[in-house]
>>> print(open('input-v4.cif').read())   # mmCIF, C-alpha atoms and all ligand atoms
data_target
#
loop_
_atom_site.group_PDB
_atom_site.id
_atom_site.type_symbol
_atom_site.label_atom_id
_atom_site.label_comp_id
_atom_site.auth_asym_id
_atom_site.auth_seq_id
_atom_site.Cartn_x
_atom_site.Cartn_y
_atom_site.Cartn_z
ATOM 1 C CA MET A 1 -36.954 18.884 1.507
ATOM 2 C CA PRO A 2 -36.276 15.840 -0.751
ATOM 3 C CA PHE A 3 -32.727 14.615 -1.488
ATOM 4 C CA VAL A 4 -30.907 16.976 -3.838
ATOM 5 C CA THR A 5 -28.142 16.133 -6.322
ATOM 6 C CA THR A 6 -24.602 17.431 -5.950
ATOM 7 C CA LYS A 7 -24.957 19.749 -8.967
ATOM 8 C CA ASP A 8 -25.875 22.992 -7.208
ATOM 9 C CA MET A 9 -23.753 22.178 -4.149
ATOM 10 C CA PHE A 10 -20.634 21.645 -6.224
ATOM 11 C CA GLU A 11 -21.235 24.731 -8.360
ATOM 12 C CA LYS A 12 -21.394 26.828 -5.210
ATOM 13 C CA SER A 13 -18.364 25.068 -3.709
ATOM 14 C CA MET A 14 -16.253 25.800 -6.803
ATOM 15 C CA LYS A 15 -17.393 29.401 -6.974
ATOM 16 C CA GLU A 16 -16.964 30.144 -3.271
ATOM 17 C CA LYS A 17 -13.972 27.855 -2.644
ATOM 18 C CA PHE A 18 -15.120 25.488 0.042
ATOM 19 C CA ALA A 19 -15.642 21.738 0.218
ATOM 20 C CA ILE A 20 -18.566 19.576 1.229
ATOM 21 C CA GLY A 21 -18.077 16.698 3.627
ATOM 22 C CA ALA A 22 -19.253 13.279 2.478
ATOM 23 C CA PHE A 23 -19.708 11.042 5.478
ATOM 24 C CA ASN A 24 -20.201 7.282 5.478
ATOM 25 C CA ILE A 25 -23.207 5.955 7.363
ATOM 26 C CA ASN A 26 -23.982 2.500 8.709
ATOM 27 C CA ASN A 27 -26.609 2.962 11.411
ATOM 28 C CA MET A 28 -28.999 5.428 13.039
ATOM 29 C CA GLU A 29 -26.485 7.058 15.374
ATOM 30 C CA PHE A 30 -24.272 8.027 12.441
ATOM 31 C CA VAL A 31 -27.204 9.489 10.473
ATOM 32 C CA GLN A 32 -28.457 11.515 13.415
ATOM 33 C CA ALA A 33 -25.018 12.794 14.411
ATOM 34 C CA ILE A 34 -24.134 13.916 10.877
ATOM 35 C CA MET A 35 -27.503 15.512 10.131
ATOM 36 C CA ASP A 36 -27.675 17.263 13.510
ATOM 37 C CA ALA A 37 -24.182 18.675 12.927
ATOM 38 C CA ALA A 38 -25.090 19.836 9.404
ATOM 39 C CA ALA A 39 -28.265 21.494 10.681
ATOM 40 C CA LYS A 40 -26.428 23.312 13.486
ATOM 41 C CA GLU A 41 -23.735 24.451 11.072
ATOM 42 C CA HIS A 42 -26.244 25.296 8.299
ATOM 43 C CA SER A 43 -24.067 23.213 6.011
ATOM 44 C CA PRO A 44 -24.835 21.176 2.920
ATOM 45 C CA VAL A 45 -23.960 17.527 3.468
ATOM 46 C CA ILE A 46 -23.512 14.268 1.580
ATOM 47 C CA LEU A 47 -24.416 11.008 3.291
ATOM 48 C CA GLN A 48 -22.898 8.029 1.587
ATOM 49 C CA THR A 49 -23.233 4.288 1.829
ATOM 50 C CA SER A 50 -20.703 1.746 0.626
ATOM 51 C CA ALA A 51 -21.802 -1.580 -0.837
ATOM 52 C CA SER A 52 -20.927 -3.190 2.502
ATOM 53 C CA ALA A 53 -22.978 -0.591 4.403
ATOM 54 C CA ILE A 54 -25.908 -1.503 2.154
ATOM 55 C CA LYS A 55 -25.340 -5.182 2.915
ATOM 56 C CA TYR A 56 -25.175 -4.431 6.650
ATOM 57 C CA ALA A 57 -28.042 -1.960 7.113
ATOM 58 C CA ARG A 58 -30.121 -2.410 3.906
ATOM 59 C CA ILE A 59 -31.251 0.376 1.580
ATOM 60 C CA PRO A 60 -34.789 1.008 2.911
ATOM 61 C CA TYR A 61 -33.463 1.548 6.445
ATOM 62 C CA LEU A 62 -30.621 3.794 5.331
ATOM 63 C CA LYS A 63 -32.880 5.850 3.108
ATOM 64 C CA LYS A 64 -35.755 6.209 5.531
ATOM 65 C CA MET A 65 -33.474 7.218 8.405
ATOM 66 C CA ILE A 66 -32.204 10.133 6.322
ATOM 67 C CA GLU A 67 -35.748 10.993 5.289
ATOM 68 C CA ALA A 68 -36.624 11.086 8.981
ATOM 69 C CA GLY A 69 -33.747 13.517 9.506
ATOM 70 C CA LEU A 70 -35.156 15.706 6.743
ATOM 71 C CA GLU A 71 -38.451 15.937 8.612
ATOM 72 C CA GLU A 72 -36.495 17.610 11.420
ATOM 73 C CA HIS A 73 -33.968 19.614 9.451
ATOM 74 C CA ASP A 74 -34.253 21.857 6.409
ATOM 75 C CA ILE A 75 -30.800 21.300 4.877
ATOM 76 C CA PRO A 76 -29.605 20.182 1.443
ATOM 77 C CA VAL A 77 -28.773 16.468 1.663
ATOM 78 C CA VAL A 78 -27.437 14.118 -1.005
ATOM 79 C CA LEU A 79 -27.741 10.346 -0.721
ATOM 80 C CA HIS A 80 -24.705 8.918 -2.503
ATOM 81 C CA LEU A 81 -23.371 5.442 -3.283
ATOM 82 C CA ASP A 82 -19.708 5.257 -2.254
ATOM 83 C CA HIS A 83 -17.327 3.052 -4.297
ATOM 84 C CA GLY A 84 -19.972 1.377 -6.452
ATOM 85 C CA PRO A 85 -18.152 -1.754 -7.613
ATOM 86 C CA ASP A 86 -20.266 -2.553 -10.694
ATOM 87 C CA PHE A 87 -23.143 -1.428 -12.918
ATOM 88 C CA GLU A 88 -25.698 -3.535 -11.016
ATOM 89 C CA THR A 89 -24.988 -1.885 -7.637
ATOM 90 C CA CYS A 90 -25.108 1.563 -9.225
ATOM 91 C CA LYS A 91 -28.387 0.716 -10.969
ATOM 92 C CA LEU A 92 -29.884 -0.613 -7.727
ATOM 93 C CA CYS A 93 -29.094 2.693 -5.999
ATOM 94 C CA VAL A 94 -30.375 4.814 -8.901
ATOM 95 C CA ASP A 95 -33.599 2.779 -8.905
ATOM 96 C CA SER A 96 -33.865 3.097 -5.109
ATOM 97 C CA GLY A 97 -33.821 6.897 -5.045
ATOM 98 C CA TYR A 98 -30.155 7.772 -4.504
ATOM 99 C CA THR A 99 -29.381 11.124 -6.121
ATOM 100 C CA SER A 100 -25.704 10.411 -6.748
ATOM 101 C CA VAL A 101 -23.642 7.282 -7.355
ATOM 102 C CA MET A 102 -19.951 6.593 -7.573
ATOM 103 C CA PHE A 103 -18.674 4.012 -9.990
ATOM 104 C CA ASP A 104 -15.164 3.070 -8.893
ATOM 105 C CA GLY A 105 -13.338 1.710 -11.913
ATOM 106 C CA SER A 106 -9.906 2.681 -10.589
ATOM 107 C CA LYS A 107 -8.754 -0.927 -10.434
ATOM 108 C CA TYR A 108 -9.278 -1.344 -14.194
ATOM 109 C CA ASP A 109 -7.039 -0.163 -17.026
ATOM 110 C CA PHE A 110 -7.889 3.254 -18.500
ATOM 111 C CA GLU A 111 -9.970 2.029 -21.455
ATOM 112 C CA THR A 112 -12.024 -0.394 -19.329
ATOM 113 C CA ASN A 113 -12.564 2.297 -16.691
ATOM 114 C CA VAL A 114 -13.835 4.664 -19.431
ATOM 115 C CA LYS A 115 -16.174 2.034 -20.885
ATOM 116 C CA LEU A 116 -17.655 0.872 -17.564
ATOM 117 C CA THR A 117 -17.987 4.412 -16.182
ATOM 118 C CA LYS A 118 -19.786 5.541 -19.340
ATOM 119 C CA GLU A 119 -22.334 2.719 -19.000
ATOM 120 C CA VAL A 120 -23.155 3.911 -15.462
ATOM 121 C CA VAL A 121 -23.248 7.570 -16.560
ATOM 122 C CA ASP A 122 -25.686 6.802 -19.388
ATOM 123 C CA TYR A 123 -28.062 4.957 -17.069
ATOM 124 C CA ALA A 124 -27.793 7.411 -14.176
ATOM 125 C CA HIS A 125 -28.203 10.526 -16.323
ATOM 126 C CA ALA A 126 -31.311 9.050 -17.956
ATOM 127 C CA HIS A 127 -32.748 8.935 -14.429
ATOM 128 C CA GLY A 128 -31.590 12.380 -13.242
ATOM 129 C CA VAL A 129 -28.774 10.998 -11.071
ATOM 130 C CA VAL A 130 -25.198 12.293 -11.097
ATOM 131 C CA VAL A 131 -22.063 10.146 -11.238
ATOM 132 C CA GLU A 132 -18.702 10.357 -9.487
ATOM 133 C CA ALA A 133 -15.889 8.426 -11.152
ATOM 134 C CA GLU A 134 -12.318 7.692 -10.086
ATOM 135 C CA LEU A 135 -9.036 7.902 -11.927
ATOM 136 C CA GLY A 136 -5.711 7.004 -10.308
ATOM 137 C CA LYS A 137 -5.136 4.567 -7.490
ATOM 138 C CA LEU A 138 -5.326 5.177 -3.750
ATOM 139 C CA ALA A 139 -3.016 2.899 -1.806
ATOM 140 C CA GLY A 140 -4.988 0.361 0.206
ATOM 141 C CA ILE A 141 -4.067 -0.875 3.657
ATOM 142 C CA GLU A 142 -3.186 -4.147 2.017
ATOM 143 C CA ASP A 143 -0.873 -2.562 -0.557
ATOM 144 C CA ASP A 144 2.842 -2.942 -0.001
ATOM 145 C CA VAL A 145 3.663 0.048 -2.163
ATOM 146 C CA HIS A 146 3.035 3.355 -0.485
ATOM 147 C CA VAL A 147 1.262 5.653 -2.911
ATOM 148 C CA ALA A 148 3.553 8.595 -2.261
ATOM 149 C CA GLU A 149 6.491 6.493 -3.411
ATOM 150 C CA ASP A 150 4.968 5.434 -6.690
ATOM 151 C CA ASP A 151 4.220 8.222 -9.157
ATOM 152 C CA ALA A 152 2.384 5.898 -11.502
ATOM 153 C CA MET A 153 -0.484 5.643 -9.012
ATOM 154 C CA PHE A 154 -1.274 9.371 -8.943
ATOM 155 C CA THR A 155 -3.895 10.793 -11.281
ATOM 156 C CA ASP A 156 -2.478 11.975 -14.594
ATOM 157 C CA PRO A 157 -3.955 15.447 -15.353
ATOM 158 C CA ASP A 158 -4.038 14.902 -19.143
ATOM 159 C CA GLN A 159 -5.753 11.561 -18.724
ATOM 160 C CA ALA A 160 -8.215 13.205 -16.333
ATOM 161 C CA LYS A 161 -9.332 15.602 -19.062
ATOM 162 C CA GLU A 162 -9.746 12.798 -21.613
ATOM 163 C CA PHE A 163 -11.536 10.642 -19.031
ATOM 164 C CA VAL A 164 -14.092 13.308 -18.134
ATOM 165 C CA GLU A 165 -14.720 14.179 -21.798
ATOM 166 C CA ARG A 166 -15.226 10.568 -22.826
ATOM 167 C CA THR A 167 -17.317 9.402 -19.865
ATOM 168 C CA GLY A 168 -19.399 12.516 -19.169
ATOM 169 C CA CYS A 169 -18.989 11.897 -15.422
ATOM 170 C CA ASP A 170 -20.123 14.744 -13.153
ATOM 171 C CA SER A 171 -17.243 14.701 -10.651
ATOM 172 C CA LEU A 172 -13.879 13.006 -10.427
ATOM 173 C CA ALA A 173 -12.056 11.365 -7.525
ATOM 174 C CA ILE A 174 -8.315 11.773 -7.884
ATOM 175 C CA ALA A 175 -5.256 10.234 -6.244
ATOM 176 C CA ILE A 176 -2.837 12.788 -4.771
ATOM 177 C CA GLY A 177 -1.429 10.825 -1.840
ATOM 178 C CA THR A 178 -4.369 9.986 0.422
ATOM 179 C CA SER A 179 -5.408 6.434 1.241
ATOM 180 C CA HIS A 180 -8.273 4.747 3.064
ATOM 181 C CA GLY A 181 -8.143 3.744 6.712
ATOM 182 C CA ALA A 182 -6.237 4.791 9.828
ATOM 183 C CA TYR A 183 -2.667 4.328 8.549
ATOM 184 C CA LYS A 184 -2.149 6.776 5.718
ATOM 185 C CA PHE A 185 1.475 7.831 6.115
ATOM 186 C CA LYS A 186 4.513 6.017 7.421
ATOM 187 C CA GLY A 187 6.493 9.237 7.801
ATOM 188 C CA GLU A 188 5.349 12.801 7.392
ATOM 189 C CA ALA A 189 1.958 13.461 5.765
ATOM 190 C CA LYS A 190 2.363 14.633 2.181
ATOM 191 C CA LEU A 191 -0.180 15.476 -0.492
ATOM 192 C CA ARG A 192 0.615 16.323 -4.127
ATOM 193 C CA PHE A 193 -1.040 19.757 -4.350
ATOM 194 C CA ASP A 194 0.902 20.286 -7.573
ATOM 195 C CA ILE A 195 -1.090 17.475 -9.203
ATOM 196 C CA LEU A 196 -4.355 18.901 -7.857
ATOM 197 C CA ALA A 197 -3.478 22.287 -9.403
ATOM 198 C CA LYS A 198 -2.688 20.697 -12.769
ATOM 199 C CA VAL A 199 -5.906 18.687 -12.750
ATOM 200 C CA LYS A 200 -7.870 21.882 -11.991
ATOM 201 C CA GLU A 201 -6.120 23.601 -14.892
ATOM 202 C CA LYS A 202 -7.165 20.827 -17.275
ATOM 203 C CA ILE A 203 -10.739 20.379 -16.010
ATOM 204 C CA PRO A 204 -11.642 23.614 -14.200
ATOM 205 C CA ASN A 205 -15.377 22.940 -14.281
ATOM 206 C CA THR A 206 -15.296 19.400 -12.937
ATOM 207 C CA PRO A 207 -15.758 19.074 -9.178
ATOM 208 C CA ILE A 208 -12.864 17.145 -7.625
ATOM 209 C CA VAL A 209 -13.291 14.530 -4.905
ATOM 210 C CA LEU A 210 -10.785 13.530 -2.245
ATOM 211 C CA HIS A 211 -11.135 10.011 -0.860
ATOM 212 C CA GLY A 212 -9.246 8.687 2.136
ATOM 213 C CA ALA A 213 -9.405 12.112 3.714
ATOM 214 C CA SER A 214 -9.829 11.390 7.401
ATOM 215 C CA THR A 215 -7.605 13.273 9.809
ATOM 216 C CA VAL A 216 -7.357 10.188 12.023
ATOM 217 C CA VAL A 217 -8.023 12.650 14.855
ATOM 218 C CA PRO A 218 -5.183 12.153 17.395
ATOM 219 C CA GLU A 219 -7.462 12.871 20.383
ATOM 220 C CA LEU A 220 -9.869 10.117 19.309
ATOM 221 C CA VAL A 221 -7.036 7.655 18.673
ATOM 222 C CA ALA A 222 -5.700 8.498 22.153
ATOM 223 C CA ILE A 223 -9.066 7.749 23.789
ATOM 224 C CA CYS A 224 -9.301 4.427 21.919
ATOM 225 C CA ASN A 225 -5.790 3.482 23.011
ATOM 226 C CA LYS A 226 -6.298 4.645 26.597
ATOM 227 C CA TYR A 227 -9.338 2.433 27.028
ATOM 228 C CA GLY A 228 -8.034 -0.859 25.710
ATOM 229 C CA GLY A 229 -7.718 -0.231 21.973
ATOM 230 C CA SER A 230 -4.580 -0.800 19.952
ATOM 231 C CA LEU A 231 -3.977 1.615 17.086
ATOM 232 C CA PRO A 232 -0.223 2.166 17.132
ATOM 233 C CA GLY A 233 1.078 4.574 14.514
ATOM 234 C CA ALA A 234 -2.360 5.600 13.250
ATOM 235 C CA LYS A 235 -1.952 8.722 11.113
ATOM 236 C CA GLY A 236 -4.170 10.733 8.746
ATOM 237 C CA VAL A 237 -4.293 13.938 6.720
ATOM 238 C CA PRO A 238 -3.800 16.991 8.982
ATOM 239 C CA ASP A 239 -6.631 19.533 9.129
ATOM 240 C CA GLU A 240 -4.429 22.251 7.569
ATOM 241 C CA MET A 241 -3.889 20.139 4.454
ATOM 242 C CA LEU A 242 -7.585 19.375 4.157
ATOM 243 C CA HIS A 243 -8.338 23.082 4.492
ATOM 244 C CA GLN A 244 -5.784 23.809 1.782
ATOM 245 C CA ALA A 245 -7.453 21.211 -0.463
ATOM 246 C CA SER A 246 -10.887 22.703 0.264
ATOM 247 C CA ILE A 247 -9.848 26.157 -0.966
ATOM 248 C CA SER A 248 -7.864 24.742 -3.899
ATOM 249 C CA GLY A 249 -10.589 23.090 -5.931
ATOM 250 C CA VAL A 250 -11.609 19.990 -3.983
ATOM 251 C CA SER A 251 -15.409 20.008 -3.733
ATOM 252 C CA LYS A 252 -16.090 16.758 -1.866
ATOM 253 C CA VAL A 253 -14.075 15.322 1.018
ATOM 254 C CA ASN A 254 -14.773 11.716 2.017
ATOM 255 C CA VAL A 255 -14.684 10.800 5.689
ATOM 256 C CA ASP A 256 -15.363 7.429 7.227
ATOM 257 C CA THR A 257 -12.439 6.467 9.482
ATOM 258 C CA ASP A 258 -12.784 9.529 11.755
ATOM 259 C CA LEU A 259 -16.426 8.682 12.445
ATOM 260 C CA ARG A 260 -15.561 5.074 13.209
ATOM 261 C CA LEU A 261 -12.890 6.287 15.613
ATOM 262 C CA ALA A 262 -15.329 8.694 17.277
ATOM 263 C CA MET A 263 -17.929 5.979 17.802
ATOM 264 C CA THR A 264 -15.334 3.513 19.079
ATOM 265 C CA ALA A 265 -13.773 6.097 21.402
ATOM 266 C CA GLY A 266 -17.200 6.879 22.878
ATOM 267 C CA ILE A 267 -18.050 3.233 23.411
ATOM 268 C CA ARG A 268 -14.650 2.276 24.861
ATOM 269 C CA GLU A 269 -14.543 5.228 27.247
ATOM 270 C CA THR A 270 -18.108 4.764 28.510
ATOM 271 C CA MET A 271 -17.749 1.047 29.062
ATOM 272 C CA SER A 272 -14.335 1.298 30.706
ATOM 273 C CA GLU A 273 -15.283 4.170 32.994
ATOM 274 C CA ASP A 274 -18.264 2.225 34.300
ATOM 275 C CA PRO A 275 -18.054 -1.536 33.759
ATOM 276 C CA THR A 276 -21.580 -1.952 35.176
ATOM 277 C CA ILE A 277 -23.121 -0.245 32.116
ATOM 278 C CA PHE A 278 -25.069 -2.468 29.763
ATOM 279 C CA ASP A 279 -27.576 0.006 28.354
ATOM 280 C CA PRO A 280 -26.542 0.505 24.686
ATOM 281 C CA ARG A 281 -28.042 4.013 24.713
ATOM 282 C CA LYS A 282 -25.327 5.072 27.147
ATOM 283 C CA TYR A 283 -22.331 4.045 25.051
ATOM 284 C CA LEU A 284 -23.908 4.558 21.603
ATOM 285 C CA GLY A 285 -25.123 7.949 22.796
ATOM 286 C CA LYS A 286 -21.594 8.968 23.749
ATOM 287 C CA GLY A 287 -20.344 7.729 20.356
ATOM 288 C CA ARG A 288 -23.043 9.764 18.616
ATOM 289 C CA GLU A 289 -22.005 12.857 20.570
ATOM 290 C CA LEU A 290 -18.367 12.483 19.513
ATOM 291 C CA ILE A 291 -19.342 11.937 15.861
ATOM 292 C CA GLU A 292 -21.445 15.105 15.905
ATOM 293 C CA GLU A 293 -18.562 17.142 17.354
ATOM 294 C CA THR A 294 -16.139 15.680 14.811
ATOM 295 C CA VAL A 295 -18.408 16.462 11.857
ATOM 296 C CA ALA A 296 -19.237 19.985 13.050
ATOM 297 C CA HIS A 297 -15.541 20.774 13.502
ATOM 298 C CA LYS A 298 -14.772 19.667 9.956
ATOM 299 C CA MET A 299 -17.608 21.710 8.451
ATOM 300 C CA ARG A 300 -16.761 24.836 10.444
ATOM 301 C CA ASP A 301 -12.975 24.855 10.786
ATOM 302 C CA VAL A 302 -11.691 22.706 7.925
ATOM 303 C CA PHE A 303 -13.971 22.474 4.866
ATOM 304 C CA GLY A 304 -15.564 25.917 5.238
ATOM 305 C CA SER A 305 -19.075 24.642 4.466
ATOM 306 C CA SER A 306 -20.788 26.174 7.510
ATOM 307 C CA ASN A 307 -23.552 28.637 6.560
ATOM 308 C CA LYS A 308 -23.408 27.496 2.902
ATOM 309 C CA ALA A 309 -26.678 25.507 3.019
HETATM 310 O O1 LIG B 401 -13.830 3.918 1.250
HETATM 311 C C1 LIG B 401 -14.423 3.028 1.877
HETATM 312 C C2 LIG B 401 -15.257 3.369 3.030
HETATM 313 O O2 LIG B 401 -14.466 3.642 4.147
HETATM 314 C C3 LIG B 401 -16.288 2.320 3.269
HETATM 315 O O3 LIG B 401 -15.773 1.208 3.890
HETATM 316 O O4 LIG B 401 -16.693 -0.772 2.626
HETATM 317 O O5 LIG B 401 -15.975 -0.979 5.024
HETATM 318 O O6 LIG B 401 -18.050 0.286 4.421
HETATM 319 P P1 LIG B 401 -16.668 -0.139 4.001
HETATM 320 P P1 LIG B 402 -11.162 7.507 5.223
HETATM 321 O O1 LIG B 402 -10.805 6.062 5.449
HETATM 322 O O2 LIG B 402 -9.923 8.352 5.201
HETATM 323 O O3 LIG B 402 -12.178 8.009 6.158
HETATM 324 O O4 LIG B 402 -11.767 7.621 3.733
HETATM 325 C C1 LIG B 402 -13.132 7.365 3.519
HETATM 326 C C2 LIG B 402 -13.475 7.278 2.063
HETATM 327 O O5 LIG B 402 -12.730 7.639 1.182
HETATM 328 C C3 LIG B 402 -14.795 6.748 1.739
HETATM 329 O O6 LIG B 402 -14.973 6.629 0.372
HETATM 330 ZN ZN ZN B 403 -13.163 6.173 -0.654
#
>>> encode(input="input-v4.cif", output="structure tokens")
Amino acid sequence: MPFVTTKDMFEKSMKEKFAIGAFNINNMEFVQAIMDAAAKEHSPVILQTSASAIKYARIPYLKKMIEAGLEEHDIPVVLHLDHGPDFETCKLCVDSGYTSVMFDGSKYDFETNVKLTKEVVDYAHAHGVVVEAELGKLAGIEDDVHVAEDDAMFTDPDQAKEFVERTGCDSLAIAIGTSHGAYKFKGEAKLRFDILAKVKEKIPNTPIVLHGASTVVPELVAICNKYGGSLPGAKGVPDEMLHQASISGVSKVNVDTDLRLAMTAGIRETMSEDPTIFDPRKYLGKGRELIEETVAHKMRDVFGSSNKA
């Protein structure tokens, strides 16, 4: 089966109230773990590459590894550009066979974001590729202001409607309190489900995307810390909140940090348990195993995408 676009997947997700996991990939072990999990769960899946993943692994390798997975598994798979920083990167991915690209104009003012997003939409649509855009700001690790404390950073539902109408984007990433990385909340985890509900009211037919949605799985953090890591105070979005989001109109849930933690936990544990090991297949294999378990759990118990392929 060739790569599909998100169109049919998202239509089904909105109708049947579940979300599809979008997992970041950087090397073969990630691709295999995610695709094996999706196949076992009979789940649709989105594999996404950031601009830095492209720089690290290079498009032909990333693409062909997924194509290899599709020789083994008959599941709907989207190849998506995550956080496309500019038109050129989006164009490169469209021209290279990606079926979906994100243009992230969230750092620009509203009018500039509209203009730049529309340029990407026009090009992508002319080539049969769908576009995810972003409105509102997720707090970055480097930001001093915590997003939950600054209302101005959340997505404005009225602006969301105008943005989608003017850009013609196919899906919209919104800011409701999540952030990228392993340190999402200083205190208790809190998401603005009220904003999500208002956005859905304004744009009921537009699939909504949640970035920065890793759980920062406590068990994986504990393994990392037990075997020499140092991730004090790491905290993510609890599974129950992600499940709530998945049945409340979020169609795509982005996960990178949890997979990085799984791989690191596997490597740290294997190497520490037996310091004589120097065969990369041993520690990468354990990392791959933990990624697969993590992805399968999300599909089955959190997003509800199992058996929706
Ligand atoms: O949202 C960003 C993703 O976690 C990708 O991160 O640019 O380090 O690959 P990266
Ligand atoms: P996490 O850092 O929470 O995994 O978010 C990943 C993401 O949003 C990729 O675009
Ligand atoms: Zn993101």
>>> resolve_selection(input="input-v4.cif", expression="the PyMOL selection byres (((not hetatm)) within 9 of (chain B and resi 402))", output="PyMOL selection string")
chain A and resi 22-24+48-50+82-83+178-184+210-216+236-237+253-260
>>> closest_residue(input="input-v4.cif", among="A:Thr89, A:Ser246, A:Ser100, A:Asn307", to="Ala51 of chain A", atoms="only C-alpha atoms")
A:Thr89
>>> residues_around(input="input-v4.cif", residues="Ala160 of chain A", least_positions_apart="6", cutoff="12 Å", atoms="all atoms listed in the file", output="VMD selection string")
chain A and resid 110 113 to 114 133 to 136 154 166 to 169 171 to 175 195 to 196 198 to 204 206 to 208
>>> residues_around(input="input-v4.cif", residues="Val78 of chain A", least_positions_apart="3", cutoff="7 Å", atoms="only C-alpha atoms", output="ChimeraX atom specification")
/A:3-6,45-47,99
>>> resolve_selection(input="input-v4.cif", expression="the PyMOL selection byres (((chain A and resi 72) around 12) and not hetatm)", output="list in words")
Met1, Gln32, Met35, Asp36, Ala38, Ala39, Lys40, Met65, Ile66, Glu67, Ala68, Gly69, Leu70, Glu71, His73, Asp74 and Ile75 of chain A
>>> closest_residue(input="input-v4.cif", among="A:Cys93, A:Gly233, A:Asp170, A:Ala309", to="His125 of chain A", atoms="all atoms listed in the file")
A:Asp170
>>> atom_distance(input="input-v4.cif", atom1="atom CA of Ile176 of chain A", atom2="atom CA of Thr155 of chain A")
6.9 Å
>>> atom_distance(input="input-v4.cif", atom1="atom CA of Ile267 of chain A", atom2="atom CA of Met241 of chain A")
29.1 Å
>>> residues_around(input="input-v4.cif", residues="Phe87 of chain A", least_positions_apart="6", cutoff="8 Å", atoms="all atoms listed in the file", output="PyMOL selection string")
chain A and resi 103+116+119-120
>>> atom_distance(input="input-v4.cif", atom1="atom CA of Leu92 of chain A", atom2="atom CA of Val209 of chain A")
22.6 Å
>>> residues_near_point(input="input-v4.cif", point="(-10.2, 13.7, 18.3)", cutoff="9 Å", atoms="only C-alpha atoms", output="ChimeraX atom specification")
/A:215-223,258,261-262,265,290,294
>>> closest_residue(input="input-v4.cif", among="A:Lys161, A:Lys63, A:Lys137, A:Arg288", to="ligand ZN 403 (chain B)", atoms="all atoms listed in the file")
A:Lys137
>>> resolve_selection(input="input-v4.cif", expression="the PyMOL selection byres (((chain A and resi 248) around 9) and not hetatm)", output="PyMOL selection string")
chain A and resi 14+17-18+193+196-197+200+243-247+249-251
>>> write_last_selection(input="input-v4.cif", atoms="C-alpha atoms", output="compact mmCIF listing (two decimals), keeping the file's coordinate frame")
# COMPACT_ATOMS: atom_id res chain seq x y z
CA MET A 14 -16.25 25.80 -6.80
CA LYS A 17 -13.97 27.86 -2.64
CA PHE A 18 -15.12 25.49 0.04
CA PHE A 193 -1.04 19.76 -4.35
CA LEU A 196 -4.36 18.90 -7.86
CA ALA A 197 -3.48 22.29 -9.40
CA LYS A 200 -7.87 21.88 -11.99
CA HIS A 243 -8.34 23.08 4.49
CA GLN A 244 -5.78 23.81 1.78
CA ALA A 245 -7.45 21.21 -0.46
CA SER A 246 -10.89 22.70 0.26
CA ILE A 247 -9.85 26.16 -0.97
CA GLY A 249 -10.59 23.09 -5.93
CA VAL A 250 -11.61 19.99 -3.98
CA SER A 251 -15.41 20.01 -3.73
>>> closest_residue(input="input-v4.cif", among="A:Gly177, A:Gly266, A:Pro238, A:Gly285", to="Val302 of chain A", atoms="only C-alpha atoms")
A:Pro238
>>> residues_around(input="input-v4.cif", residues="Pro280 of chain A", least_positions_apart="2", cutoff="12 Å", atoms="only C-alpha atoms", output="list in words")
Glu29, Gly266, Ile267, Thr270, Met271, Thr276, Ile277, Phe278, Lys282, Tyr283, Leu284, Gly285, Lys286, Gly287 and Arg288 of chain A
>>> closest_residue(input="input-v4.cif", among="A:Ser230, A:Ser13, A:Ser43, A:Ser52", to="ligand LIG 401 (chain B)", atoms="only C-alpha atoms and all ligand atoms")
A:Ser52
>>> decode(input="input-v4.cif", residues="segment 240-248 of chain A", atoms="N, CA and C atoms", output="PDB file, in the first residue's frame")
ATOM      1  N   GLU A 240      -4.980   9.936  30.905  1.00  0.00           N
ATOM      2  CA  GLU A 240      -6.431  10.222  30.985  1.00  0.00           C
ATOM      3  C   GLU A 240      -6.774  11.509  30.229  1.00  0.00           C
ATOM      4  N   MET A 241      -5.892  12.494  30.317  1.00  0.00           N
ATOM      5  CA  MET A 241      -6.149  13.755  29.607  1.00  0.00           C
ATOM      6  C   MET A 241      -6.024  13.565  28.094  1.00  0.00           C
ATOM      7  N   LEU A 242      -5.074  12.747  27.694  1.00  0.00           N
ATOM      8  CA  LEU A 242      -4.907  12.502  26.257  1.00  0.00           C
ATOM      9  C   LEU A 242      -6.097  11.714  25.717  1.00  0.00           C
ATOM     10  N   HIS A 243      -6.617  10.806  26.545  1.00  0.00           N
ATOM     11  CA  HIS A 243      -7.813  10.060  26.137  1.00  0.00           C
ATOM     12  C   HIS A 243      -8.994  11.019  26.000  1.00  0.00           C
ATOM     13  N   GLN A 244      -9.120  11.896  26.980  1.00  0.00           N
ATOM     14  CA  GLN A 244     -10.192  12.906  26.934  1.00  0.00           C
ATOM     15  C   GLN A 244     -10.090  13.736  25.645  1.00  0.00           C
ATOM     16  N   ALA A 245      -8.874  14.164  25.326  1.00  0.00           N
ATOM     17  CA  ALA A 245      -8.657  14.957  24.103  1.00  0.00           C
ATOM     18  C   ALA A 245      -9.040  14.144  22.866  1.00  0.00           C
ATOM     19  N   SER A 246      -8.701  12.855  22.889  1.00  0.00           N
ATOM     20  CA  SER A 246      -8.945  11.992  21.721  1.00  0.00           C
ATOM     21  C   SER A 246     -10.438  11.782  21.444  1.00  0.00           C
ATOM     22  N   ILE A 247     -11.256  11.849  22.488  1.00  0.00           N
ATOM     23  CA  ILE A 247     -12.704  11.683  22.268  1.00  0.00           C
ATOM     24  C   ILE A 247     -13.410  13.040  22.207  1.00  0.00           C
ATOM     25  N   SER A 248     -12.617  14.114  22.264  1.00  0.00           N
ATOM     26  CA  SER A 248     -13.221  15.462  22.269  1.00  0.00           C
ATOM     27  C   SER A 248     -12.839  16.282  21.049  1.00  0.00           C
TER      28      SER A 248
END
